[in-house]
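Dropping work20.cif in here (mmCIF, C-alpha atoms and all ligand atoms):
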data_run
#
loop_
_atom_site.label_atom_id
_atom_site.label_comp_id
_atom_site.auth_asym_id
_atom_site.auth_seq_id
_atom_site.Cartn_x
_atom_site.Cartn_y
_atom_site.Cartn_z
CA MET A 1 -88.11 -17.11 44.05
CA ALA A 2 -86.28 -20.24 45.23
CA ALA A 3 -84.77 -19.99 48.71
CA LEU A 4 -81.03 -19.43 48.82
CA PRO A 5 -78.90 -22.52 49.54
CA ARG A 6 -77.77 -23.10 53.11
CA ILE A 7 -73.99 -23.05 53.37
CA THR A 8 -71.90 -23.70 56.47
CA LEU A 9 -68.49 -22.08 56.78
CA VAL A 10 -66.01 -24.21 58.74
CA ALA A 11 -62.90 -22.25 59.69
CA THR A 12 -59.60 -23.95 60.43
CA GLY A 13 -57.30 -20.89 60.61
CA GLY A 14 -54.69 -19.72 58.10
CA THR A 15 -53.75 -16.32 56.75
CA ILE A 16 -57.29 -15.79 55.50
CA ALA A 17 -58.16 -15.40 59.20
CA GLY A 18 -54.89 -13.59 59.98
CA LEU A 19 -54.49 -10.26 61.73
CA ALA A 20 -51.47 -7.99 61.75
CA PRO A 21 -50.77 -5.23 64.29
CA ALA A 22 -50.77 -1.68 62.84
CA GLY A 23 -47.53 -0.90 61.01
CA ALA A 24 -46.42 -4.56 60.94
CA GLY A 25 -44.32 -5.95 58.07
CA ALA A 26 -45.81 -8.26 55.45
CA PHE A 27 -44.87 -11.41 57.36
CA GLU A 28 -45.69 -10.22 60.89
CA TYR A 29 -49.19 -11.41 61.58
CA GLN A 30 -51.01 -14.09 63.47
CA ALA A 31 -52.65 -16.72 61.26
CA GLY A 32 -56.04 -18.01 62.40
CA ALA A 33 -56.75 -15.02 64.65
CA LEU A 34 -60.33 -14.47 63.38
CA ALA A 35 -63.19 -16.86 64.01
CA ALA A 36 -65.50 -18.03 61.22
CA GLU A 37 -68.24 -15.62 62.30
CA ALA A 38 -65.93 -12.63 62.02
CA LEU A 39 -64.95 -13.67 58.48
CA LEU A 40 -68.61 -13.64 57.49
CA GLN A 41 -69.39 -10.39 59.31
CA ALA A 42 -66.74 -8.70 57.17
CA LEU A 43 -68.50 -9.97 54.04
CA PRO A 44 -72.11 -8.75 54.07
CA GLN A 45 -72.44 -9.44 50.29
CA ALA A 46 -72.25 -13.15 51.03
CA GLY A 47 -75.84 -13.00 52.31
CA GLU A 48 -76.98 -12.41 48.70
CA LEU A 49 -75.54 -15.79 47.65
CA ALA A 50 -76.51 -18.09 50.50
CA ARG A 51 -78.00 -18.48 53.94
CA LEU A 52 -74.89 -18.85 56.03
CA GLY A 53 -73.96 -20.64 59.21
CA SER A 54 -70.48 -20.88 60.63
CA GLU A 55 -68.25 -22.67 63.07
CA THR A 56 -64.58 -22.47 64.01
CA LEU A 57 -63.09 -25.93 64.19
CA PHE A 58 -59.42 -24.90 64.52
CA SER A 59 -57.57 -21.57 64.70
CA LEU A 60 -54.28 -22.83 63.37
CA ASP A 61 -51.53 -21.81 61.06
CA SER A 62 -51.71 -24.74 58.66
CA LYS A 63 -48.03 -25.55 59.21
CA ASP A 64 -49.19 -26.84 62.61
CA LEU A 65 -51.94 -29.11 61.32
CA GLU A 66 -51.31 -32.82 61.87
CA PRO A 67 -52.93 -35.91 60.36
CA THR A 68 -55.15 -36.07 63.47
CA HIS A 69 -56.59 -32.69 62.43
CA TRP A 70 -57.46 -34.15 59.00
CA LEU A 71 -59.39 -36.92 60.72
CA ARG A 72 -61.25 -34.47 62.96
CA LEU A 73 -62.08 -32.22 60.03
CA ILE A 74 -63.29 -35.13 57.88
CA ALA A 75 -65.47 -36.42 60.73
CA ARG A 76 -67.05 -32.99 61.23
CA LEU A 77 -67.63 -32.44 57.52
CA ARG A 78 -69.20 -35.89 57.15
CA ASP A 79 -71.59 -34.97 60.00
CA LEU A 80 -72.50 -31.66 58.39
CA LEU A 81 -72.96 -33.19 54.93
CA ALA A 82 -75.38 -35.71 56.40
CA GLN A 83 -77.63 -32.91 57.69
CA PRO A 84 -80.55 -32.14 55.35
CA GLU A 85 -80.36 -28.46 56.32
CA VAL A 86 -76.82 -28.15 54.91
CA ASP A 87 -76.62 -27.69 51.12
CA GLY A 88 -72.90 -27.04 50.86
CA ILE A 89 -69.77 -26.30 52.88
CA VAL A 90 -66.89 -23.83 52.66
CA VAL A 91 -63.67 -24.61 54.56
CA THR A 92 -61.16 -21.82 55.20
CA HIS A 93 -57.58 -23.03 55.58
CA GLY A 94 -53.95 -21.89 55.41
CA THR A 95 -52.21 -22.18 52.07
CA ASP A 96 -49.08 -23.87 53.47
CA THR A 97 -50.54 -27.37 53.79
CA LEU A 98 -53.77 -26.83 51.87
CA GLU A 99 -52.65 -29.43 49.33
CA GLU A 100 -52.48 -32.14 51.98
CA THR A 101 -55.79 -31.39 53.69
CA ALA A 102 -57.46 -31.00 50.30
CA CYS A 103 -56.22 -34.47 49.35
CA ALA A 104 -57.46 -36.01 52.63
CA LEU A 105 -60.92 -34.49 52.08
CA ASP A 106 -60.97 -35.67 48.48
CA LEU A 107 -60.21 -39.21 49.61
CA CYS A 108 -62.81 -39.37 52.38
CA LEU A 109 -65.80 -37.08 51.82
CA PRO A 110 -69.03 -38.34 50.29
CA ARG A 111 -70.03 -36.74 47.00
CA GLY A 112 -73.33 -34.99 46.45
CA LYS A 113 -73.03 -31.58 48.11
CA PRO A 114 -70.33 -29.06 47.20
CA VAL A 115 -67.36 -28.75 49.58
CA ILE A 116 -65.13 -25.80 48.69
CA LEU A 117 -61.83 -24.99 50.36
CA THR A 118 -60.45 -21.49 50.25
CA ALA A 119 -57.44 -19.61 51.58
CA ALA A 120 -55.53 -16.36 51.23
CA MET A 121 -51.98 -15.13 50.99
CA ARG A 122 -52.56 -11.79 52.74
CA PRO A 123 -53.98 -11.46 56.24
CA ALA A 124 -57.48 -10.09 56.62
CA SER A 125 -56.11 -6.80 58.00
CA ALA A 126 -53.64 -6.20 55.11
CA PRO A 127 -54.21 -3.62 52.39
CA GLY A 128 -55.33 -5.56 49.33
CA ALA A 129 -56.34 -8.63 51.36
CA ASP A 130 -57.28 -11.43 48.99
CA GLY A 131 -59.31 -13.41 51.52
CA PRO A 132 -62.68 -11.65 51.24
CA LEU A 133 -63.05 -12.19 47.48
CA ASN A 134 -61.72 -15.75 47.72
CA LEU A 135 -64.28 -16.47 50.44
CA LEU A 136 -67.09 -14.88 48.46
CA GLN A 137 -66.18 -16.96 45.40
CA ALA A 138 -65.96 -20.11 47.52
CA ILE A 139 -69.48 -19.40 48.80
CA ARG A 140 -70.65 -18.95 45.20
CA ALA A 141 -69.17 -22.35 44.31
CA ALA A 142 -70.65 -24.00 47.41
CA ALA A 143 -74.04 -22.62 46.36
CA THR A 144 -73.70 -24.33 42.94
CA PRO A 145 -75.29 -27.78 43.45
CA GLU A 146 -73.82 -29.47 40.34
CA LEU A 147 -70.34 -29.06 41.83
CA GLY A 148 -71.27 -31.56 44.52
CA ALA A 149 -70.47 -34.43 42.15
CA CYS A 150 -66.84 -33.38 41.67
CA GLY A 151 -65.60 -33.96 45.17
CA PRO A 152 -63.92 -31.18 47.16
CA LEU A 153 -62.71 -28.14 45.19
CA VAL A 154 -60.49 -25.17 45.96
CA ALA A 155 -61.51 -21.58 45.14
CA ALA A 156 -58.70 -19.02 45.12
CA GLY A 157 -57.29 -16.32 42.87
CA ASP A 158 -60.36 -16.19 40.60
CA ARG A 159 -59.98 -19.92 39.87
CA LEU A 160 -61.70 -23.10 40.89
CA TRP A 161 -59.48 -26.18 41.15
CA ARG A 162 -59.94 -29.84 41.94
CA ALA A 163 -58.71 -30.52 45.46
CA ARG A 164 -56.41 -33.26 44.21
CA ASP A 165 -54.88 -31.01 41.57
CA ILE A 166 -53.74 -28.12 43.74
CA GLY A 167 -50.38 -27.09 45.18
CA LYS A 168 -48.71 -23.99 46.60
CA ARG A 169 -46.34 -22.68 43.94
CA HIS A 170 -45.05 -19.40 45.38
CA THR A 171 -43.93 -18.46 48.88
CA HIS A 172 -45.47 -14.98 48.98
CA ALA A 173 -47.08 -13.88 45.69
CA VAL A 174 -50.83 -13.46 45.95
CA ASP A 175 -51.45 -15.87 43.05
CA ALA A 176 -49.64 -18.66 44.87
CA LEU A 177 -51.72 -21.73 44.06
CA GLY A 178 -51.27 -23.76 40.90
CA ALA A 179 -52.24 -27.02 39.26
CA PHE A 180 -50.38 -30.32 39.46
CA ALA A 181 -51.80 -31.85 36.30
CA GLU A 182 -55.04 -30.59 34.84
CA GLY A 183 -55.48 -26.88 35.54
CA PRO A 184 -58.56 -25.04 36.76
CA LEU A 185 -62.04 -26.44 36.43
CA GLY A 186 -63.54 -22.97 36.25
CA LEU A 187 -62.93 -19.24 36.45
CA PHE A 188 -64.67 -16.59 38.53
CA ARG A 189 -65.43 -13.10 37.32
CA GLY A 190 -66.49 -11.38 40.51
CA THR A 191 -69.09 -13.75 41.87
CA ALA A 192 -69.98 -15.23 38.48
CA LEU A 193 -68.57 -18.72 37.97
CA HIS A 194 -67.72 -19.98 34.48
CA LEU A 195 -67.09 -23.72 34.32
CA GLY A 196 -64.73 -24.88 31.57
CA ALA A 197 -66.19 -28.36 31.18
CA SER A 198 -69.15 -30.11 32.71
CA PRO A 199 -68.11 -31.25 36.16
CA THR A 200 -67.53 -35.00 36.28
CA ALA A 201 -68.24 -37.39 39.12
CA ALA A 202 -65.23 -38.73 41.01
CA ALA A 203 -66.05 -41.18 43.78
CA ALA A 204 -64.31 -40.94 47.17
CA LEU A 205 -61.73 -43.71 47.58
CA PHE A 206 -62.41 -44.10 51.32
CA SER A 207 -66.01 -43.83 52.39
CA ASP A 208 -65.82 -46.27 55.33
CA ALA A 209 -65.35 -45.52 59.04
CA LEU A 210 -62.35 -43.33 59.78
CA PRO A 211 -59.31 -44.91 61.42
CA GLU A 212 -58.35 -43.73 64.90
CA ARG A 213 -54.91 -42.78 63.66
CA LEU A 214 -53.07 -42.61 60.38
CA PRO A 215 -49.90 -44.67 60.02
CA TRP A 216 -46.75 -42.58 59.86
CA VAL A 217 -45.36 -42.03 56.37
CA ASP A 218 -42.12 -40.12 55.79
CA ILE A 219 -41.16 -38.13 52.70
CA LEU A 220 -37.52 -38.38 51.71
CA PRO A 221 -36.13 -35.80 49.27
CA GLY A 222 -33.81 -36.73 46.41
CA TYR A 223 -31.02 -34.24 45.68
CA ALA A 224 -27.47 -34.35 44.34
CA GLY A 225 -25.44 -36.34 46.84
CA ALA A 226 -28.39 -37.34 49.10
CA ALA A 227 -27.17 -40.04 51.50
CA PRO A 228 -28.96 -43.42 51.39
CA SER A 229 -28.62 -43.55 55.18
CA LEU A 230 -31.74 -41.31 55.28
CA ILE A 231 -33.76 -44.28 54.06
CA ASP A 232 -32.50 -46.73 56.69
CA ALA A 233 -32.91 -44.06 59.37
CA ALA A 234 -36.54 -43.40 58.45
CA VAL A 235 -37.45 -47.09 58.59
CA ALA A 236 -35.52 -47.62 61.82
CA ASP A 237 -37.38 -44.62 63.25
CA GLY A 238 -40.71 -46.37 62.69
CA ALA A 239 -41.95 -45.01 59.37
CA GLU A 240 -44.71 -47.36 58.17
CA GLY A 241 -44.36 -46.17 54.59
CA LEU A 242 -42.03 -43.97 52.56
CA VAL A 243 -42.58 -41.50 49.74
CA LEU A 244 -39.52 -40.50 47.72
CA ALA A 245 -39.68 -36.90 46.43
CA LEU A 246 -37.10 -37.51 43.73
CA ALA A 247 -35.58 -35.34 41.04
CA GLY A 248 -37.09 -35.32 37.57
CA HIS A 249 -39.47 -38.13 36.65
CA GLY A 250 -38.82 -39.96 39.92
CA SER A 251 -35.14 -40.56 39.14
CA VAL A 252 -33.64 -42.95 41.71
CA PRO A 253 -29.93 -42.39 42.51
CA GLU A 254 -27.89 -45.57 41.92
CA ARG A 255 -26.38 -45.38 45.38
CA TRP A 256 -29.85 -45.54 46.96
CA LEU A 257 -30.64 -48.96 45.48
CA PRO A 258 -29.35 -51.21 48.30
CA ALA A 259 -31.04 -49.12 51.02
CA LEU A 260 -34.24 -48.97 48.97
CA ALA A 261 -34.26 -52.76 48.62
CA ARG A 262 -33.95 -53.08 52.41
CA ALA A 263 -36.74 -50.52 52.94
CA ALA A 264 -39.08 -51.98 50.31
CA ALA A 265 -38.78 -55.40 51.95
CA ARG A 266 -40.29 -53.89 55.12
CA VAL A 267 -42.62 -51.03 54.15
CA PRO A 268 -44.35 -49.74 50.99
CA VAL A 269 -42.18 -47.22 49.14
CA VAL A 270 -43.72 -44.77 46.67
CA ARG A 271 -41.63 -43.21 43.90
CA ALA A 272 -42.78 -39.58 43.48
CA SER A 273 -41.13 -36.39 42.27
CA ARG A 274 -40.04 -33.12 43.82
CA ILE A 275 -41.14 -31.36 40.59
CA PRO A 276 -44.38 -29.43 41.21
CA ALA A 277 -46.23 -30.77 38.16
CA GLY A 278 -46.45 -33.83 35.98
CA GLY A 279 -46.45 -37.00 38.10
CA VAL A 280 -44.41 -40.21 38.02
CA TRP A 281 -45.65 -43.09 35.89
CA PRO A 282 -45.15 -46.81 36.58
CA GLN A 283 -42.21 -48.51 34.81
CA ALA A 284 -41.22 -45.16 33.26
CA ASN A 285 -37.62 -44.12 33.92
CA PHE A 286 -37.30 -46.98 36.46
CA ASP A 287 -38.25 -50.64 36.84
CA ASP A 288 -40.70 -50.26 39.73
CA ALA A 289 -41.80 -53.89 39.60
CA ALA A 290 -38.25 -55.27 39.81
CA HIS A 291 -37.41 -53.01 42.77
CA GLY A 292 -40.71 -53.40 44.61
CA LEU A 293 -41.61 -49.70 44.39
CA ILE A 294 -44.98 -48.06 43.66
CA ALA A 295 -45.12 -45.14 41.20
CA ALA A 296 -47.05 -42.11 42.49
CA GLY A 297 -48.93 -41.63 39.20
CA SER A 298 -50.72 -38.29 39.09
CA ARG A 299 -50.03 -37.50 42.76
CA SER A 300 -47.54 -34.98 44.09
CA ALA A 301 -45.20 -36.34 46.76
CA TRP A 302 -47.24 -34.50 49.42
CA GLN A 303 -50.54 -35.94 48.26
CA ALA A 304 -48.94 -39.36 47.73
CA ARG A 305 -48.06 -39.35 51.42
CA VAL A 306 -51.68 -38.65 52.36
CA LEU A 307 -52.97 -41.40 50.06
CA LEU A 308 -50.42 -43.90 51.33
CA SER A 309 -51.35 -43.11 54.96
CA PHE A 310 -55.04 -43.76 54.32
CA GLY A 311 -54.28 -46.91 52.32
CA LEU A 312 -52.11 -48.27 55.12
CA ALA A 313 -54.76 -47.39 57.70
CA ARG A 314 -57.14 -49.62 55.79
CA GLY A 315 -54.60 -52.43 55.98
CA LEU A 316 -53.98 -52.62 52.23
CA GLY A 317 -51.00 -54.63 50.95
CA LYS A 318 -48.54 -53.51 48.31
CA ASP A 319 -50.57 -54.57 45.27
CA ALA A 320 -53.75 -52.92 46.50
CA LEU A 321 -51.77 -49.78 47.36
CA ALA A 322 -50.29 -49.74 43.85
CA GLY A 323 -53.87 -50.00 42.55
CA LEU A 324 -54.82 -46.88 44.54
CA PHE A 325 -52.02 -44.90 42.94
CA ALA A 326 -53.14 -46.04 39.51
CA THR A 327 -56.57 -44.37 40.00
N1 LIG B 1 -48.81 -19.91 57.24
C1 LIG B 1 -50.11 -19.68 56.67
C2 LIG B 1 -50.92 -20.96 56.82
O1 LIG B 1 -50.72 -21.86 56.07
C3 LIG B 1 -49.99 -19.29 55.26
C4 LIG B 1 -51.28 -19.02 54.55
O2 LIG B 1 -52.36 -19.27 55.00
O3 LIG B 1 -51.18 -18.48 53.43
O4 LIG B 1 -51.73 -21.07 57.70
#

When written as structure tokens, how does the structure in this file appear?
Ligand code: ASP
Amino acid sequence: MAALPRITLVATGGTIAGLAPAGAGAFEYQAGALAAEALLQALPQAGELARLGSETLFSLDSKDLEPTHWLRLIARLRDLLAQPEVDGIVVTHGTDTLEETACALDLCLPRGKPVILTAAMRPASAPGADGPLNLLQAIRAAATPELGACGPLVAAGDRLWRARDIGKRHTHAVDALGAFAEGPLGLFRGTALHLGASPTAAAALFSDALPERLPWVDILPGYAGAAPSLIDAAVADGAEGLVLALAGHGSVPERWLPALARAAARVPVVRASRIPAGGVWPQANFDDAAHGLIAAGSRSAWQARVLLSFGLARGLGKDALAGLFAT
């Protein structure tokens, strides 16, 4: 019998590693309280799927993760993926900013070995905790070599998603994650994984050396009556790029146009939407070219911010940045 694949669990915190004191309410718990090893100890069945190693990189509630944490995580995962004795990786993470970290990993990790993120909505100590099964399913996916070509994936709620297609869609329901554009790549039944279509290769956009820091990009929300002074304030405050999370299909309020022209003359401005699915397409509903804006394409505003940060870190100009969003 072939030896089981060697999978490393890298924990970063989140509710999946959360603990609540006895008798606590549903929202009274500490995220990231359990180390990676403890998550595996609570899951003896995982040993039937893989030979497991573990490390705790962060113990954070994902609301407190910063772009510097993305860089540290990417660097560590690149190291692990380069090791011949690692066949795949599982990353545990909070659901709050999973979408952003997932995007950063998708942009920067080499393809070849599966990297599966997972998370949970209920702390490990809660009745009906969803973390253990999500983790077990993530390990199953990480032990499936053909998934290595797809780039990072997210396993949660019996589904397997592309990292760049995931978002948090509910504040507390257990089935909180949903797709931005395509929908799940596969479904789990217990630890069996059923893939809908053959996994396709998607190259990492940034495979070069990591920057020391990521340029600051602000997200500005569009809403009825939103003041254009927000735009000038963000640029004056030092934002090196802007993402607009606008209503509808990236609908730009008329009264924003003068401030947007001032901003776009200084920094790249991406036209995205606050709607949790669909995307914003170039020259649709707005003349991006005439106003010097970049349409977010198939990226949510949150993932557009991550992509813009990495593009700016590489020193790309507006045309090259627009090309990134067209991918
Ligand atoms: N606040 C938690 C976190 O993102 C929520 C979760 O994990 O579901 O770390």

Could the residues that lie within 7 Å of ligand LIG 1 (chain B), counting only C-alpha atoms and all ligand atoms, be listed as an MDAnalysis selection string?
-> chainID A and resid 13:16 31 60:63 93:97 119:122

Of the candidates A:Ala277, A:Ile7, A:Leu52, A:Leu307, which shows the shortest atom-to-atom distance to Thr327 in chain A, using all atoms listed in the file?
->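 Closest to Thr327 in chain A, using all atoms listed in the file: A:Leu307.
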
Of the candidates A:Ala102, A:Ala33, A:Ile166, A:Leu260, which shows the shortest atom-to-atom distance to Ser300 in chain A, using all atoms listed in the file?
->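 Of all the options, A:Ile166 lies closest to Ser300 in chain A.
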
Take CA of Ala313 in chain A and CA of Ala163 in chain A and report the distance between them in Å, one decimal.
->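 CA of Ala163 in chain A lies 21.2 Å from CA of Ala313 in chain A.
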
For CA of Trp281 in chain A and CA of Leu244 in chain A, determine how far apart the two atoms are, in Å to one decimal place.
-> 13.6 Å

Given 4 Å of margin on each side, can you work out the centre and size in Å (one decimal) of an axis-aligned box holding every listed atom of range 60-76 of chain A, as JSON?
{"center_x": -57.5, "center_y": -29.4, "center_z": 60.7, "size_x": 27.0, "size_y": 23.1, "size_z": 13.6}

Could you tell me which of A:Leu133, A:Ala50, A:Ala296, A:Ala264 comes closest to Ala245 in chain A if we count only C-alpha atoms?
->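 Ranking A:Leu133, A:Ala50, A:Ala296, A:Ala264 by distance to Ala245 in chain A, first place goes to A:Ala296.
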
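Using all atoms listed in the file, the smallest distance between any of A:Leu230, A:Leu160, A:Arg266, A:Gly278 and Gly196 in chain A comes from A:Leu160.
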
Asp87 in chain A environment, 10 Å, all atoms listed in the file, sequence neighbours closer than 6 positions dropped, as a list in words = Leu4, Pro5, Arg6, Ile7, Thr8, Ala50, Arg51, Leu80, Leu81, Gly112, Lys113, Pro114, Val115, Ala142, Ala143, Thr144, Pro145 and Gly148 of chain A

Using all atoms listed in the file, find the one residue out of A:Val217, A:Ala290, A:His249, A:Leu57 that sits nearest to Ala234 in chain A.
->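 Of all the options, A:Val217 lies closest to Ala234 in chain A.
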